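Colleague: Structure file data_35.cif (mmCIF, C-alpha atoms and all ligand atoms) is given on the next line.
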data_run
loop_
_atom_site.label_atom_id
_atom_site.label_comp_id
_atom_site.auth_asym_id
_atom_site.auth_seq_id
_atom_site.Cartn_x
_atom_site.Cartn_y
_atom_site.Cartn_z
CA MET A 1 27.98 -46.88 107.14
CA ASN A 2 30.34 -48.39 104.53
CA LYS A 3 29.88 -47.15 100.99
CA VAL A 4 30.27 -49.12 97.78
CA LEU A 5 30.26 -47.96 94.19
CA LEU A 6 29.09 -50.87 92.05
CA LEU A 7 29.80 -50.73 88.30
CA GLY A 8 27.57 -52.61 85.88
CA GLN A 9 23.96 -53.11 84.90
CA GLY A 10 23.14 -56.81 84.70
CA GLY A 11 21.51 -59.50 86.82
CA ARG A 12 24.86 -60.24 88.44
CA GLU A 13 25.14 -56.62 89.61
CA HIS A 14 21.54 -56.70 90.83
CA ALA A 15 22.38 -59.74 92.98
CA ILE A 16 25.50 -58.02 94.35
CA ALA A 17 23.51 -54.86 95.15
CA TYR A 18 20.76 -56.93 96.83
CA LYS A 19 23.28 -58.74 99.03
CA LEU A 20 25.22 -55.60 99.96
CA LYS A 21 22.02 -53.78 100.86
CA LYS A 22 21.00 -56.67 103.12
CA GLU A 23 24.34 -56.26 104.87
CA GLY A 24 23.56 -52.62 105.58
CA ILE A 25 25.99 -51.22 103.01
CA ASP A 26 25.24 -47.94 101.31
CA VAL A 27 25.37 -48.91 97.63
CA TYR A 28 25.70 -46.55 94.68
CA CYS A 29 25.47 -48.04 91.21
CA TYR A 30 26.36 -46.92 87.70
CA PRO A 31 24.88 -47.39 85.11
CA GLY A 32 22.43 -49.72 86.93
CA ASN A 33 18.95 -50.78 85.84
CA PRO A 34 15.47 -50.28 87.37
CA GLY A 35 15.81 -53.39 89.58
CA ILE A 36 19.24 -52.43 90.88
CA MET A 37 17.97 -48.93 91.59
CA ASN A 38 15.50 -50.41 94.12
CA GLU A 39 18.54 -51.46 96.16
CA ALA A 40 21.07 -48.77 95.26
CA LYS A 41 21.39 -45.01 94.94
CA GLU A 42 21.93 -43.08 91.73
CA THR A 43 25.31 -41.55 91.05
CA TYR A 44 25.76 -38.33 89.13
CA LEU A 45 28.09 -40.12 86.67
CA LYS A 46 27.42 -39.48 83.00
CA SER A 47 29.89 -42.00 81.61
CA SER A 48 32.37 -44.70 82.59
CA ASP A 49 35.24 -42.26 82.25
CA PHE A 50 37.77 -43.30 84.93
CA ASN A 51 38.56 -39.72 85.90
CA GLU A 52 34.88 -39.04 86.53
CA ILE A 53 34.57 -42.27 88.54
CA LYS A 54 37.62 -41.28 90.60
CA ASP A 55 36.13 -37.84 91.37
CA PHE A 56 32.85 -39.45 92.41
CA CYS A 57 34.61 -41.92 94.74
CA LEU A 58 36.67 -39.19 96.40
CA SER A 59 33.73 -36.83 96.81
CA LYS A 60 31.48 -39.53 98.34
CA TYR A 61 34.20 -41.21 100.44
CA ILE A 62 33.56 -44.55 98.72
CA ASP A 63 35.12 -47.43 100.72
CA LEU A 64 35.14 -49.99 97.92
CA VAL A 65 34.51 -50.08 94.18
CA VAL A 66 33.03 -53.39 93.03
CA VAL A 67 33.45 -54.12 89.33
CA GLY A 68 30.90 -56.30 87.53
CA PRO A 69 31.86 -56.56 83.84
CA GLU A 70 35.30 -57.61 82.60
CA GLN A 71 35.60 -54.66 80.23
CA TYR A 72 36.41 -52.24 83.09
CA LEU A 73 39.14 -54.61 84.31
CA ASN A 74 40.55 -54.94 80.80
CA ASP A 75 40.64 -51.14 80.61
CA GLY A 76 42.67 -51.01 83.84
CA ILE A 77 40.17 -49.56 86.29
CA ALA A 78 41.83 -51.14 89.35
CA ASP A 79 45.26 -49.81 88.39
CA TYR A 80 43.83 -46.34 87.75
CA LEU A 81 41.79 -45.95 90.95
CA ASN A 82 44.49 -47.51 93.13
CA GLN A 83 46.74 -44.58 92.24
CA TYR A 84 44.30 -42.41 94.20
CA ASN A 85 44.13 -44.84 97.12
CA ILE A 86 40.65 -45.97 96.15
CA ASP A 87 40.05 -49.66 96.95
CA VAL A 88 38.81 -51.75 94.05
CA PHE A 89 37.55 -55.33 94.27
CA GLY A 90 38.93 -56.72 91.02
CA PRO A 91 42.34 -57.55 89.55
CA SER A 92 44.82 -55.30 87.78
CA LYS A 93 44.69 -55.10 83.99
CA ASN A 94 47.67 -57.40 83.76
CA ALA A 95 46.18 -60.03 86.12
CA ALA A 96 42.80 -59.82 84.34
CA ARG A 97 44.60 -61.32 81.32
CA ILE A 98 43.74 -64.70 82.84
CA GLU A 99 40.33 -63.91 81.27
CA THR A 100 41.01 -61.29 78.61
CA ASP A 101 43.86 -63.08 76.83
CA LYS A 102 43.33 -66.81 76.40
CA SER A 103 46.93 -67.38 75.28
CA TYR A 104 48.16 -65.95 78.59
CA ALA A 105 45.70 -68.19 80.49
CA LYS A 106 46.93 -71.26 78.60
CA ARG A 107 50.56 -70.37 79.40
CA ILE A 108 49.86 -69.97 83.13
CA MET A 109 48.07 -73.32 83.19
CA GLU A 110 50.79 -75.09 81.24
CA ASN A 111 53.59 -73.70 83.44
CA ASN A 112 51.79 -74.77 86.60
CA ASN A 113 50.57 -78.22 85.54
CA VAL A 114 46.90 -77.35 85.48
CA LYS A 115 44.88 -79.54 83.12
CA THR A 116 43.20 -77.76 80.21
CA ALA A 117 42.30 -78.55 76.59
CA LYS A 118 45.29 -78.77 74.23
CA ALA A 119 45.22 -75.70 71.98
CA VAL A 120 46.86 -74.23 68.91
CA PHE A 121 46.68 -70.58 67.92
CA ALA A 122 45.92 -69.17 64.47
CA GLU A 123 47.31 -65.68 63.89
CA ASN A 124 45.46 -65.19 60.59
CA GLU A 125 42.81 -66.68 58.31
CA GLN A 126 45.21 -68.80 56.26
CA MET A 127 46.76 -70.34 59.36
CA PHE A 128 43.26 -71.00 60.69
CA LYS A 129 42.23 -72.84 57.51
CA ASP A 130 45.43 -74.89 57.52
CA ILE A 131 44.87 -75.96 61.13
CA ILE A 132 41.19 -76.81 60.53
CA LYS A 133 42.16 -79.15 57.65
CA THR A 134 43.98 -81.34 60.17
CA ARG A 135 41.12 -81.55 62.70
CA LYS A 136 38.47 -84.18 63.30
CA TYR A 137 35.11 -83.45 64.96
CA PRO A 138 34.48 -82.57 67.73
CA TYR A 139 36.75 -79.62 68.38
CA VAL A 140 36.36 -76.09 69.69
CA ILE A 141 37.04 -72.73 68.05
CA LYS A 142 37.42 -69.64 70.26
CA VAL A 143 38.46 -66.07 69.77
CA SER A 144 41.31 -65.11 72.09
CA GLY A 145 39.96 -61.76 73.32
CA LEU A 146 36.75 -60.67 75.05
CA ALA A 147 33.49 -61.71 73.39
CA ALA A 148 30.77 -61.43 76.06
CA GLY A 149 30.53 -65.23 76.32
CA LYS A 150 29.73 -65.58 72.63
CA GLY A 151 33.17 -66.30 71.19
CA ALA A 152 33.29 -70.08 71.64
CA TYR A 153 32.04 -72.60 69.07
CA VAL A 154 31.84 -76.32 69.68
CA ILE A 155 32.22 -77.87 66.21
CA THR A 156 30.60 -81.24 65.53
CA ASN A 157 29.68 -80.84 61.84
CA SER A 158 30.34 -78.72 58.77
CA ASN A 159 27.38 -76.37 59.40
CA GLU A 160 28.76 -75.47 62.80
CA TYR A 161 32.16 -74.88 61.26
CA GLU A 162 30.65 -72.60 58.58
CA LYS A 163 28.83 -70.58 61.24
CA ALA A 164 32.03 -70.08 63.25
CA TYR A 165 34.06 -69.22 60.15
CA ASN A 166 31.45 -66.70 58.98
CA ASP A 167 31.15 -64.98 62.34
CA ILE A 168 34.89 -64.76 62.91
CA TYR A 169 36.34 -64.14 59.46
CA ALA A 170 33.67 -63.42 56.83
CA GLU A 171 31.63 -61.04 59.01
CA ASN A 172 34.48 -60.01 61.35
CA LYS A 173 32.02 -59.93 64.25
CA PHE A 174 34.66 -59.99 66.99
CA LYS A 175 37.05 -57.37 65.54
CA GLN A 176 40.40 -57.30 67.43
CA ALA A 177 39.20 -59.95 69.87
CA ALA A 178 39.67 -62.38 66.97
CA ASN A 179 43.20 -61.29 66.01
CA ARG A 180 44.17 -64.67 67.41
CA VAL A 181 41.85 -67.63 67.18
CA ILE A 182 42.25 -70.78 69.26
CA ILE A 183 41.48 -74.25 68.02
CA GLU A 184 41.38 -76.68 70.90
CA ASP A 185 40.44 -80.22 71.84
CA PHE A 186 36.89 -80.91 72.94
CA LEU A 187 36.63 -81.80 76.62
CA GLU A 188 34.02 -84.34 77.67
CA GLY A 189 32.16 -84.06 80.95
CA GLU A 190 30.00 -81.84 83.08
CA GLU A 191 30.72 -78.18 83.61
CA SER A 192 30.76 -76.24 86.85
CA SER A 193 31.60 -72.66 87.75
CA LEU A 194 33.62 -72.13 90.90
CA PHE A 195 34.11 -68.62 92.29
CA VAL A 196 37.11 -68.09 94.52
CA ILE A 197 37.81 -64.83 96.33
CA THR A 198 41.52 -64.27 96.72
CA ASP A 199 44.00 -61.71 98.03
CA GLY A 200 46.67 -63.14 95.76
CA LYS A 201 47.92 -65.69 98.31
CA ASN A 202 44.92 -66.93 100.29
CA ALA A 203 41.70 -68.03 98.67
CA VAL A 204 38.13 -68.58 99.84
CA PRO A 205 35.88 -70.70 97.61
CA LEU A 206 32.19 -69.82 97.31
CA LEU A 207 29.62 -72.51 96.49
CA PRO A 208 30.26 -74.39 93.23
CA ALA A 209 27.51 -73.63 90.72
CA GLN A 210 26.36 -74.94 87.37
CA ASP A 211 25.61 -72.59 84.50
CA TYR A 212 23.38 -73.54 81.55
CA LYS A 213 25.11 -71.90 78.61
CA ARG A 214 23.16 -73.11 75.60
CA ALA A 215 20.11 -71.15 74.51
CA TYR A 216 17.57 -74.01 74.42
CA ASN A 217 16.42 -77.04 76.42
CA GLU A 218 18.64 -80.13 76.53
CA ASP A 219 21.72 -77.99 75.89
CA LYS A 220 20.72 -77.31 72.30
CA GLY A 221 21.33 -74.14 70.32
CA PRO A 222 24.09 -71.54 70.43
CA ASN A 223 26.20 -70.58 73.45
CA THR A 224 24.85 -67.61 75.38
CA GLY A 225 26.05 -65.63 78.40
CA GLY A 226 24.06 -68.17 80.46
CA MET A 227 20.34 -69.08 80.57
CA GLY A 228 20.19 -70.26 84.17
CA ALA A 229 22.25 -71.63 87.03
CA TYR A 230 21.99 -73.46 90.30
CA ALA A 231 24.08 -73.83 93.45
CA PRO A 232 25.48 -75.77 95.16
CA PHE A 233 26.33 -77.95 92.15
CA THR A 234 25.72 -81.57 93.18
CA GLY A 235 28.79 -82.90 91.30
CA ILE A 236 31.36 -81.32 93.67
CA ASN A 237 31.50 -82.43 97.31
CA GLU A 238 33.81 -81.02 99.98
CA ASN A 239 36.54 -83.53 99.23
CA LYS A 240 36.51 -82.74 95.52
CA LEU A 241 36.47 -79.01 96.25
CA GLY A 242 39.63 -79.46 98.34
CA ILE A 243 41.34 -81.27 95.46
CA ILE A 244 40.33 -78.53 93.01
CA MET A 245 41.74 -75.86 95.32
CA GLU A 246 45.04 -77.73 95.73
CA THR A 247 45.54 -78.84 92.13
CA ILE A 248 44.07 -75.91 90.20
CA ILE A 249 43.39 -72.74 92.16
CA PHE A 250 46.51 -72.50 94.35
CA PRO A 251 48.94 -73.52 91.57
CA VAL A 252 47.51 -70.76 89.34
CA LEU A 253 47.62 -68.16 92.12
CA ARG A 254 51.18 -69.12 93.06
CA GLY A 255 52.20 -69.11 89.39
CA MET A 256 50.81 -65.62 88.89
CA GLU A 257 52.49 -64.40 92.07
CA LYS A 258 55.80 -65.86 90.90
CA ASP A 259 55.37 -63.93 87.63
CA GLU A 260 54.96 -60.76 89.69
CA ASN A 261 51.41 -60.57 88.46
CA PRO A 262 49.37 -61.51 91.54
CA PHE A 263 45.62 -61.96 91.09
CA LYS A 264 43.43 -60.19 93.64
CA GLY A 265 39.67 -60.30 93.39
CA LEU A 266 37.31 -62.98 92.17
CA LEU A 267 38.80 -65.82 90.15
CA TYR A 268 36.11 -67.75 88.30
CA ALA A 269 37.20 -71.25 87.33
CA GLY A 270 35.15 -72.77 84.51
CA LEU A 271 35.62 -76.46 85.27
CA MET A 272 35.03 -79.60 83.22
CA LEU A 273 34.54 -82.67 85.40
CA ASP A 274 35.02 -86.08 83.85
CA GLY A 275 35.11 -88.80 86.51
CA ASP A 276 38.17 -88.11 88.65
CA LYS A 277 39.63 -85.77 86.04
CA THR A 278 39.03 -82.02 86.36
CA SER A 279 40.18 -79.64 83.62
CA ILE A 280 39.83 -75.93 83.10
CA VAL A 281 37.64 -74.72 80.25
CA GLU A 282 38.40 -71.09 81.00
CA PHE A 283 39.14 -68.61 83.76
CA ASN A 284 37.27 -65.37 84.27
CA ALA A 285 38.38 -62.45 86.40
CA ARG A 286 34.95 -61.48 87.79
CA PHE A 287 31.65 -62.80 89.09
CA GLY A 288 29.69 -64.93 86.60
CA ASP A 289 26.20 -64.14 85.42
CA PRO A 290 23.76 -65.83 86.26
CA GLU A 291 25.70 -68.01 88.76
CA THR A 292 26.09 -65.01 91.10
CA GLN A 293 22.33 -64.72 91.50
CA SER A 294 22.16 -68.29 92.87
CA VAL A 295 25.37 -68.20 94.94
CA LEU A 296 24.77 -64.87 96.68
CA PHE A 297 21.12 -65.76 97.37
CA LEU A 298 22.43 -68.48 99.71
CA MET A 299 25.36 -66.63 101.25
CA GLU A 300 25.22 -65.87 104.96
CA SER A 301 28.69 -64.35 105.47
CA SER A 302 29.23 -60.74 104.51
CA ILE A 303 30.35 -60.39 100.90
CA TYR A 304 31.46 -56.84 101.70
CA ASP A 305 33.78 -58.10 104.42
CA ILE A 306 35.32 -60.78 102.20
CA MET A 307 35.80 -58.38 99.26
CA LYS A 308 37.42 -55.79 101.53
CA LYS A 309 39.72 -58.44 103.02
CA SER A 310 40.71 -59.54 99.53
CA VAL A 311 41.79 -55.96 98.79
CA ASN A 312 43.68 -55.64 102.09
CA GLY A 313 45.41 -59.05 101.89
CA ASN A 314 43.62 -60.38 105.00
CA LEU A 315 41.88 -63.52 103.77
CA LYS A 316 43.99 -66.00 105.73
CA ASP A 317 41.87 -68.60 107.59
CA LEU A 318 38.64 -66.98 106.50
CA CYS A 319 35.78 -69.17 105.38
CA CYS A 320 32.49 -68.25 103.91
CA LYS A 321 29.14 -69.47 105.32
CA PHE A 322 26.14 -70.42 103.24
CA ASN A 323 22.74 -71.67 104.34
CA ASN A 324 21.97 -75.31 103.57
CA GLU A 325 19.46 -74.71 100.81
CA TYR A 326 19.66 -74.87 97.02
CA ALA A 327 19.11 -71.87 94.77
CA VAL A 328 17.98 -72.02 91.15
CA THR A 329 18.04 -69.10 88.71
CA VAL A 330 16.16 -69.04 85.41
CA ILE A 331 16.75 -66.29 82.85
CA ILE A 332 14.00 -64.90 80.65
CA ALA A 333 15.53 -63.75 77.36
CA ALA A 334 14.22 -61.94 74.30
CA ASN A 335 13.23 -64.14 71.36
CA GLY A 336 16.23 -64.30 69.03
CA TYR A 337 18.87 -63.96 71.77
CA PRO A 338 21.88 -64.51 71.49
CA SER A 339 21.55 -63.30 67.87
CA SER A 340 19.39 -60.31 66.99
CA TYR A 341 16.33 -59.46 69.09
CA ASN A 342 13.97 -56.57 69.73
CA LYS A 343 14.05 -54.25 72.71
CA GLY A 344 11.20 -52.29 74.26
CA MET A 345 8.98 -55.34 75.01
CA ASN A 346 6.41 -54.85 77.79
CA ILE A 347 7.21 -56.50 81.10
CA SER A 348 4.48 -57.22 83.63
CA LEU A 349 5.53 -57.96 87.21
CA ASP A 350 2.10 -57.26 88.70
CA ASN A 351 1.63 -60.67 90.29
CA LYS A 352 3.50 -61.39 93.48
CA ILE A 353 6.31 -63.89 93.67
CA ASP A 354 6.84 -65.70 96.99
CA GLU A 355 9.18 -64.79 99.85
CA LYS A 356 11.79 -67.44 98.93
CA SER A 357 12.15 -66.02 95.44
CA TYR A 358 13.52 -62.83 93.96
CA ILE A 359 13.53 -61.08 90.60
CA PHE A 360 16.93 -59.89 89.45
CA HIS A 361 16.75 -57.42 86.58
CA ALA A 362 19.24 -57.52 83.70
CA GLY A 363 18.18 -55.87 80.41
CA THR A 364 15.30 -53.71 81.66
CA LYS A 365 14.56 -49.99 81.60
CA MET A 366 11.75 -47.56 82.33
CA GLU A 367 10.10 -45.96 79.29
CA ASN A 368 7.12 -43.63 79.73
CA ASN A 369 6.72 -44.95 83.28
CA LYS A 370 6.54 -48.52 82.07
CA LEU A 371 9.05 -51.31 82.55
CA VAL A 372 10.29 -52.61 79.18
CA SER A 373 13.07 -54.86 77.95
CA ASN A 374 16.42 -53.34 77.08
CA GLY A 375 18.66 -56.33 76.29
CA GLY A 376 18.90 -59.99 75.34
CA ARG A 377 18.81 -61.40 78.85
CA ILE A 378 15.91 -59.44 80.34
CA LEU A 379 15.60 -60.65 83.91
CA SER A 380 15.90 -63.73 86.05
CA ILE A 381 14.00 -65.35 88.88
CA THR A 382 15.94 -67.00 91.66
CA SER A 383 14.25 -69.30 94.19
CA LYS A 384 15.68 -71.23 97.12
CA ASP A 385 14.43 -74.24 98.99
CA ASN A 386 15.56 -77.21 101.10
CA THR A 387 16.10 -79.62 98.24
CA LEU A 388 17.12 -79.00 94.66
CA GLU A 389 13.86 -80.48 93.43
CA GLN A 390 11.83 -78.11 95.62
CA ALA A 391 13.92 -75.14 94.48
CA VAL A 392 13.35 -76.09 90.83
CA ASN A 393 9.59 -76.43 91.39
CA ARG A 394 9.49 -73.13 93.20
CA VAL A 395 11.34 -71.19 90.50
CA TYR A 396 9.11 -72.58 87.73
CA ASN A 397 5.96 -71.82 89.74
CA ASN A 398 7.10 -68.26 90.30
CA ILE A 399 8.22 -67.64 86.74
CA LYS A 400 4.57 -67.95 85.65
CA GLN A 401 3.91 -64.69 87.52
CA VAL A 402 6.16 -62.79 85.12
CA ASN A 403 4.88 -61.87 81.69
CA ILE A 404 7.15 -60.54 78.99
CA GLU A 405 6.21 -60.14 75.32
CA ASN A 406 8.26 -62.10 72.78
CA ALA A 407 10.49 -63.79 75.32
CA PHE A 408 11.52 -67.33 76.24
CA TYR A 409 13.20 -69.36 78.96
CA ARG A 410 14.57 -72.87 79.37
CA ASN A 411 12.38 -75.42 81.16
CA ASP A 412 15.17 -77.71 82.29
CA ILE A 413 17.47 -75.57 84.44
CA ALA A 414 19.06 -77.63 87.25
CA LYS A 415 16.91 -80.68 86.49
CA LYS A 416 19.84 -82.94 85.64
CA GLY A 417 21.25 -82.18 89.13
CA ILE A 418 18.21 -83.79 90.83
CA LYS A 419 19.15 -87.29 91.90
P1 LIG B 501 34.34 -70.13 76.94
O1 LIG B 501 34.12 -68.94 76.08
O2 LIG B 501 35.76 -70.60 76.95
O3 LIG B 501 33.75 -69.92 78.28
O4 LIG B 501 33.43 -71.31 76.35
C1 LIG B 501 32.04 -71.24 76.40
C2 LIG B 501 31.45 -72.63 76.50
O5 LIG B 501 31.84 -73.40 75.36
C3 LIG B 501 31.94 -73.43 77.69
O6 LIG B 501 31.23 -73.12 78.84
C4 LIG B 501 31.69 -74.84 77.19
O7 LIG B 501 30.32 -75.19 77.29
C5 LIG B 501 32.05 -74.77 75.75
N1 LIG B 501 33.47 -75.09 75.60
C6 LIG B 501 34.50 -74.23 75.52
N2 LIG B 501 35.68 -74.88 75.40
C7 LIG B 501 35.39 -76.19 75.42
C8 LIG B 501 36.17 -77.39 75.31
N3 LIG B 501 37.50 -77.35 75.14
N4 LIG B 501 35.53 -78.57 75.37
C9 LIG B 501 34.19 -78.62 75.50
N5 LIG B 501 33.40 -77.55 75.59
C10 LIG B 501 33.98 -76.34 75.54
N1 LIG B 502 27.82 -67.38 83.04
C1 LIG B 502 29.04 -67.27 82.36
C2 LIG B 502 29.81 -66.06 82.60
O1 LIG B 502 29.47 -65.22 83.39
O2 LIG B 502 30.85 -65.91 81.96
#
Would you write the structure of this file as C-alpha cells?
Ligand code: AMP
Ligand code: GLY

Modeller:
Amino acid sequence: MNKVLLLGQGGREHAIAYKLKKEGIDVYCYPGNPGIMNEAKETYLKSSDFNEIKDFCLSKYIDLVVVGPEQYLNDGIADYLNQYNIDVFGPSKNAARIETDKSYAKRIMENNNVKTAKAVFAENEQMFKDIIKTRKYPYVIKVSGLAAGKGAYVITNSNEYEKAYNDIYAENKFKQAANRVIIEDFLEGEESSLFVITDGKNAVPLLPAQDYKRAYNEDKGPNTGGMGAYAPFTGINENKLGIIMETIIFPVLRGMEKDENPFKGLLYAGLMLDGDKTSIVEFNARFGDPETQSVLFLMESSIYDIMKKSVNGNLKDLCCKFNNEYAVTVIIAANGYPSSYNKGMNISLDNKIDEKSYIFHAGTKMENNKLVSNGGRILSITSKDNTLEQAVNRVYNNIKQVNIENAFYRNDIAKKGIK
C-alpha cells in the first residue's frame, strides 16, 4: 500500500485526504483536523520542524509528501526533504516564488508575454503615497509577500484606500510581507482558478473552477480565503482551455525552466476572463481552498498517480478524467471572518447529509468530546449533481442540516454560472 504524509489542516487538505483514501492510499496527516482524521492516521509529529518530518517519513517509508499550505513551500520543505530522497509533491522554495514573491511572478510573466495587470512597486511608505497620488479609481493594492489571501485590496473609493493604508502601514498587519507593496491596474472580467499539475515540462490541467472570494452575497465585503467554489466553471470550454495552456501555462513553465528554476507540482493560475482576453491575476504554487473540494470531488483519475508522476517527470501524454457532473462547495465561516471572530462555537452535524454530498472540515477541533469551531472558515459542504442548478440546490438543501453558532455563509455560490 502506498503511503502519503499530508501536511496541513484545512478543507483543502480534507478533500485531498478523502480522495487519497478512496484510492486506497494509506494517508498520514499533520496537524490535521477532526474531519481529516476520519480519513487519515495520526502521526507522532509534535511540530512542523523539517528534521522531525524527515525522520517520520524515513521511519514510516512514506512514498510521497503532499504539501497543502504555501508556508511550507516558502520555507523550503521540498528542497530539504529531497536531500534525503523523500519525494515531495510541491515546488522548490525558489520555484514557489511564483506565489510567494509577486515581483518575481510579474517578471516571469513579462519576460514570457503573459498578460497581467500593469504594476508598480513601492519600497516604502513615502513611495507608496507618491504613487497613490497619481492613481484614479479603480486600482488594486497588494502586499508582495504571503498574506493568506488577505493582502489584496480593490480600491474604488477613499474609504477603501484608508482601510488598505491602515492595514498595511498604520497597523503593520502584514509585517515583512509588506516590505514591498504593489499598486496595479484593475482588471475587468470574471475570475476562474485553473489547477495544472506539472513535472516542469509537461502539464495536466484539472477542471477549471470558480472561487467566490468576497465575504458576502453579490461579491460584497472584504476579500477572504474563499467562501465557496464550483467546478467545472462554465466560462471555460475545451477550446479556451487549450488556448490558456498554450498562451499562459506553457510559456510560464518554459520561462521558469529556461531560468533554471523549473516548477514541479501544482501551478494554480488565477485567471481574469474578459471576452477573448485572458489575464493572470496571480499564480499560486499549491492547491486552492475551497476550489480543491469541488475539483477533487469530481475526479475519477488517481490524484496519487498524477502527483507521483509529477515528481518523477513522467506526465507526458497523461490526461486526467473527471465525471460529467458539477460540484458546488459552500463554506460556513465564523461571524466576523475575515477580521476578528470567536472560536469554540458549537457545531452540530447530527442530521444526515445525502450520499452526493460531503462535509469537509477546516477550522474545527474536539473539545471535551464535542466538535467546536477553531478558525474563521469552519467547514464546507460539497455537493455534486448532473447540472449546475441541481448541484446548487443540493448543496443549499444539505447545508440546512449543519448548525453552527454565530456563523454565516453566502447564499449565491455558483448561481451566476447557471445559464
Ligand atoms: P490576490 O491576492 O492577487 O489573489 O487577489 C485577491 C483577489 O483580489 C483576486 O482574486 C481578485 O478578486 C482581486 N484582484 C486582485 N488583483 C486584481 C486586479 N488587478 N484586478 C481586479 N481584481 C483583482
Ligand atoms: N481560494 C483561493 C486560494 O486558495 O488562494

Colleague: In Å, rounded to a single decimal, give me how far CA of Phe186 (chain A) is from atom C1 of ligand LIG 501 (chain B).

Modeller: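 Pair atom C1 of ligand LIG 501 (chain B) / CA of Phe186 (chain A) returns 11.4 Å.
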
Colleague: At a cut-off of 10 Å, can you tabulate as a tab-separated table every residue of region 234-319 of chain A near region 107-113 of chain A together with its closest atom pair and the distance in Å to one decimal, using only C-alpha atoms and ordering rows by chain then number?

Modeller:
residue	atom	partner	partner_atom	distance
A:Thr247	CA	A:Asn113	CA	8.3
A:Ile248	CA	A:Asn113	CA	8.3
A:Phe250	CA	A:Asn112	CA	9.6
A:Pro251	CA	A:Asn112	CA	5.9
A:Val252	CA	A:Asn112	CA	6.5
A:Leu253	CA	A:Ile108	CA	9.4
A:Arg254	CA	A:Asn112	CA	8.6
A:Gly255	CA	A:Asn112	CA	6.3
A:Met256	CA	A:Ile108	CA	7.3
A:Asp259	CA	A:Ile108	CA	9.3
A:Ile280	CA	A:Met109	CA	8.6

Colleague: If you count all atoms listed in the file, which residues end up within 7 Å of ligand LIG 502 (chain B), as an MDAnalysis selection string?

Modeller: chainID A and resid 149 211 213 225:226 284 287:291

Colleague: Pick the closest to ligand LIG 501 (chain B) from A:Thr198, A:Ser59, A:Thr100, A:Gln390: which is it, counting all atoms listed in the file?

Modeller: A:Thr100

Colleague: Put the listed atoms of ligand LIG 501 (chain B) in a box along x, y and z with 4 Å added on every side and give me the centre and edge lengths in Å to one decimal, as lines of an AutoDock Vina configuration file.

Modeller:
center_x = 33.9
center_y = -73.8
center_z = 77.0
size_x = 15.2
size_y = 17.7
size_z = 11.7
